Amino acid sequence: MSADQKIMYIDIEKIYQHPKNPRKKLTDLEELADSIKENGIMQNLTVVPWYSKFTGKPGDNGSTDGEYYAVIGHRRLAAAKLAGLKEVPCVISDMDEKQQVAIMLMENMQRSDLTIIEEAEGMQMMFDLGSTADEIAEKTGLSKTTIKRRSQLLELDHEKLVQSYERGGTMQDYLRLQKIKDPAKRNQVLEKIGTNNFDYAVKQAIDEEKDEANKIAVIEMVEEFAQKIDQVDDETMQYVRNYRYCIKEHQKPDDWESTNYYYIVGTYQIDLYTDKVEGQPSDYFSHEQRKQNEDRRKLSEIAIRMYGLRRDFVDNYPESKAKKHSGEIICAYIMAKAKSIGGWFNIDKFYELMGLKKSQQKEIDKIIEGSPEKAMLVYFWVVVDASGRCYANYRNEYESSESLDAIYDLLCKLGYEMSDEEIAIRNGTHELYVREEEE
């Protein structure tokens, strides 16, 4: 407080909560009110005149002077009113609107009183008042990275954002959403935050965006030699091959310049057809066969996604947690050995997951000695897990897998959350599996 700022006791009924205070919810007011009743207000409020710094004219209640907004002491004001105080000690400030918002944001953040959504809304208010990121950083003491990350929250659907935060969403969750480029997809995945389906939904959205980018390139290539059709004429056309979007590089047929080709754009691939030639063996697949092939590809893509999630979990599993769960890891390792579960040991994958480069492989002894629990977890995963394994056979029938069960049993004990899709794949209830009545 400067020398020319004096503390004045102001009628509490003439002080109002600041309309641009980022903090919207006030908690534990009863406890603070009890303290105020007993000890009074130990620290003054900072207020600004009701109208002078906002509209330059009287407020909506017709007052022209003697009424104020609280800039510092938002919660104290509410508790003092609850305690029945008639007057509260205040310093009247002439700070401008930008300064008011900056101070309220900084004060609340220093006390950890704001949610990340309220922080984002506070920063947006400062942007709306003409502040730059540099100015906000200077006034609040926040880094430009923090300011950017908070501001990105407001690009999300607000209602879904609030609901996700109430489900336990963290800033780390929202940062992961930024890996998804499409805003609509981002908002869809936002609905999964706080559920066991979030990790799977993020990975699926990222995979789909990669496929969509590949899809454009595949269509451009096929358009050079084939005619687009909406429906296959089974009498005159035969199936040749497909171009899957999840594969980057594709080649034209050798006879593309001399043969009539047709294509249909599907969800996961482009199907290529040509004219039937009388007397020539047909490679045509029936509708049932094409559906079976499509379902097999979908199951394969799900299996690859599931593998990636398991790998990410092991790769990012903290050493401290591995040490805490050493008993479960050792038990799973011994059981796998006893049952002869697992295949050959991929040393390169082991080094990669342990964070070692080729030049550091001579240091493996020190790494293992420093974190034997994490090393055993990685060793177990490398031996037992494999990208080609899934719970389906070539006919799209459910098929149990002792090795995958061993992996999931351990990872779930370590905190891994299976998505609904993973659970359905593992227990045999997924809609893509062929049932006996379908055979």
# chains A, B, ... in the order shown; residues from 1 in each chain; ligands from 1
$ residues_around --residues "A:Ser93" --least-positions-apart "5" --cutoff "8 Å" --atoms "only C-alpha atoms" --output "list in words"
Gln5, Thr46, Val47 and Val48 of chain A
$ write_last_selection --atoms "N, CA and C atoms" --output "mmCIF file, in the first residue's frame"
data_model
loop_
_atom_site.group_PDB
_atom_site.id
_atom_site.type_symbol
_atom_site.label_atom_id
_atom_site.label_comp_id
_atom_site.auth_asym_id
_atom_site.auth_seq_id
_atom_site.Cartn_x
_atom_site.Cartn_y
_atom_site.Cartn_z
ATOM 1 N N GLN A 5 -2.426 5.960 -0.068
ATOM 2 C CA GLN A 5 -3.596 5.102 -0.010
ATOM 3 C C GLN A 5 -3.959 4.862 1.454
ATOM 4 N N THR A 46 -9.300 -4.356 -1.322
ATOM 5 C CA THR A 46 -8.982 -3.313 -2.303
ATOM 6 C C THR A 46 -10.183 -3.189 -3.219
ATOM 7 N N VAL A 47 -10.702 -1.964 -3.380
ATOM 8 C CA VAL A 47 -11.908 -1.755 -4.169
ATOM 9 C C VAL A 47 -11.676 -0.655 -5.201
ATOM 10 N N VAL A 48 -12.557 -0.643 -6.197
ATOM 11 C CA VAL A 48 -12.569 0.447 -7.188
ATOM 12 C C VAL A 48 -13.999 0.979 -7.252
#
$ residues_around --residues "A:Thr146" --least-positions-apart "4" --cutoff "12 Å" --atoms "only C-alpha atoms" --output "PyMOL selection string"
chain A and resi 116+119-120+123+133-134+136-137+140-142+150-153+171+175
$ residues_around --residues "A:Arg290" --least-positions-apart "6" --cutoff "12 Å" --atoms "only C-alpha atoms" --output "list in words"
Tyr239, Val240, Arg241, Asn242, Gly266, Gln269, Asp271, Asp283, Tyr284, Arg296 and Arg297 of chain A
$ atom_distance --atom1 "atom CA of A:Ile341" --atom2 "atom CA of A:Val384"
6.4 Å
$ closest_atom_pairs --of "stretch 239-344 of chain A" --to "stretch 211-234 of chain A" --cutoff "10 Å" --atoms "only C-alpha atoms" --output "JSON lines"
{"residue": "A:Tyr239", "atom": "CA", "partner": "A:Val232", "partner_atom": "CA", "distance": 9.1}
{"residue": "A:Tyr243", "atom": "CA", "partner": "A:Val218", "partner_atom": "CA", "distance": 7.3}
{"residue": "A:Arg244", "atom": "CA", "partner": "A:Lys215", "partner_atom": "CA", "distance": 8.1}
{"residue": "A:Tyr245", "atom": "CA", "partner": "A:Asp211", "partner_atom": "CA", "distance": 5.0}
{"residue": "A:Cys246", "atom": "CA", "partner": "A:Asp211", "partner_atom": "CA", "distance": 5.1}
{"residue": "A:Ile247", "atom": "CA", "partner": "A:Asn214", "partner_atom": "CA", "distance": 7.4}
{"residue": "A:Lys248", "atom": "CA", "partner": "A:Asn214", "partner_atom": "CA", "distance": 6.0}
{"residue": "A:Glu249", "atom": "CA", "partner": "A:Val218", "partner_atom": "CA", "distance": 8.5}
{"residue": "A:His250", "atom": "CA", "partner": "A:Val218", "partner_atom": "CA", "distance": 7.4}
{"residue": "A:Gln251", "atom": "CA", "partner": "A:Met221", "partner_atom": "CA", "distance": 8.6}
{"residue": "A:Lys252", "atom": "CA", "partner": "A:Val222", "partner_atom": "CA", "distance": 7.5}
{"residue": "A:Pro253", "atom": "CA", "partner": "A:Phe225", "partner_atom": "CA", "distance": 9.2}
{"residue": "A:Asp255", "atom": "CA", "partner": "A:Phe225", "partner_atom": "CA", "distance": 9.8}
{"residue": "A:Trp256", "atom": "CA", "partner": "A:Phe225", "partner_atom": "CA", "distance": 6.0}
{"residue": "A:Glu257", "atom": "CA", "partner": "A:Phe225", "partner_atom": "CA", "distance": 7.0}
{"residue": "A:Ser258", "atom": "CA", "partner": "A:Phe225", "partner_atom": "CA", "distance": 9.5}
{"residue": "A:Thr259", "atom": "CA", "partner": "A:Phe225", "partner_atom": "CA", "distance": 8.7}
{"residue": "A:Asn260", "atom": "CA", "partner": "A:Ala226", "partner_atom": "CA", "distance": 6.9}
{"residue": "A:Tyr261", "atom": "CA", "partner": "A:Ala226", "partner_atom": "CA", "distance": 4.6}
{"residue": "A:Tyr262", "atom": "CA", "partner": "A:Gln227", "partner_atom": "CA", "distance": 4.6}
{"residue": "A:Tyr263", "atom": "CA", "partner": "A:Lys228", "partner_atom": "CA", "distance": 5.0}
{"residue": "A:Ile264", "atom": "CA", "partner": "A:Ile229", "partner_atom": "CA", "distance": 5.7}
{"residue": "A:Val265", "atom": "CA", "partner": "A:Lys228", "partner_atom": "CA", "distance": 8.0}
{"residue": "A:Gly266", "atom": "CA", "partner": "A:Lys215", "partner_atom": "CA", "distance": 9.9}
{"residue": "A:Thr267", "atom": "CA", "partner": "A:Lys215", "partner_atom": "CA", "distance": 9.6}
{"residue": "A:Tyr268", "atom": "CA", "partner": "A:Asp211", "partner_atom": "CA", "distance": 8.0}
{"residue": "A:Gln269", "atom": "CA", "partner": "A:Lys215", "partner_atom": "CA", "distance": 7.8}
{"residue": "A:Ile270", "atom": "CA", "partner": "A:Ile219", "partner_atom": "CA", "distance": 7.8}
{"residue": "A:Leu272", "atom": "CA", "partner": "A:Ala226", "partner_atom": "CA", "distance": 8.2}
{"residue": "A:Tyr273", "atom": "CA", "partner": "A:Val232", "partner_atom": "CA", "distance": 8.2}
{"residue": "A:Thr274", "atom": "CA", "partner": "A:Ala226", "partner_atom": "CA", "distance": 9.0}
{"residue": "A:Asp275", "atom": "CA", "partner": "A:Asp233", "partner_atom": "CA", "distance": 9.6}
{"residue": "A:Lys276", "atom": "CA", "partner": "A:Asp234", "partner_atom": "CA", "distance": 9.1}
{"residue": "A:Tyr284", "atom": "CA", "partner": "A:Asp234", "partner_atom": "CA", "distance": 8.8}
{"residue": "A:Ser286", "atom": "CA", "partner": "A:Asp234", "partner_atom": "CA", "distance": 9.2}
$ atom_distance --atom1 "atom CA of A:Ser419" --atom2 "atom CA of A:Ala201"
8.6 Å
$ select_by_dssp --residues "stretch 79-274 of chain A" --states "strand (DSSP E)" --output "ChimeraX atom specification"
/A:87-92,226-228,237-244,261-265,269-274
$ residues_around --residues "A:Lys20" --least-positions-apart "2" --cutoff "7 Å" --atoms "only C-alpha atoms" --output "PyMOL selection string"
chain A and resi 18+22+101
$ closest_residue --among "A:Ala70, A:Cys331, A:Cys390, A:Ile367" --to "A:Pro19" --atoms "only C-alpha atoms"
A:Ala70
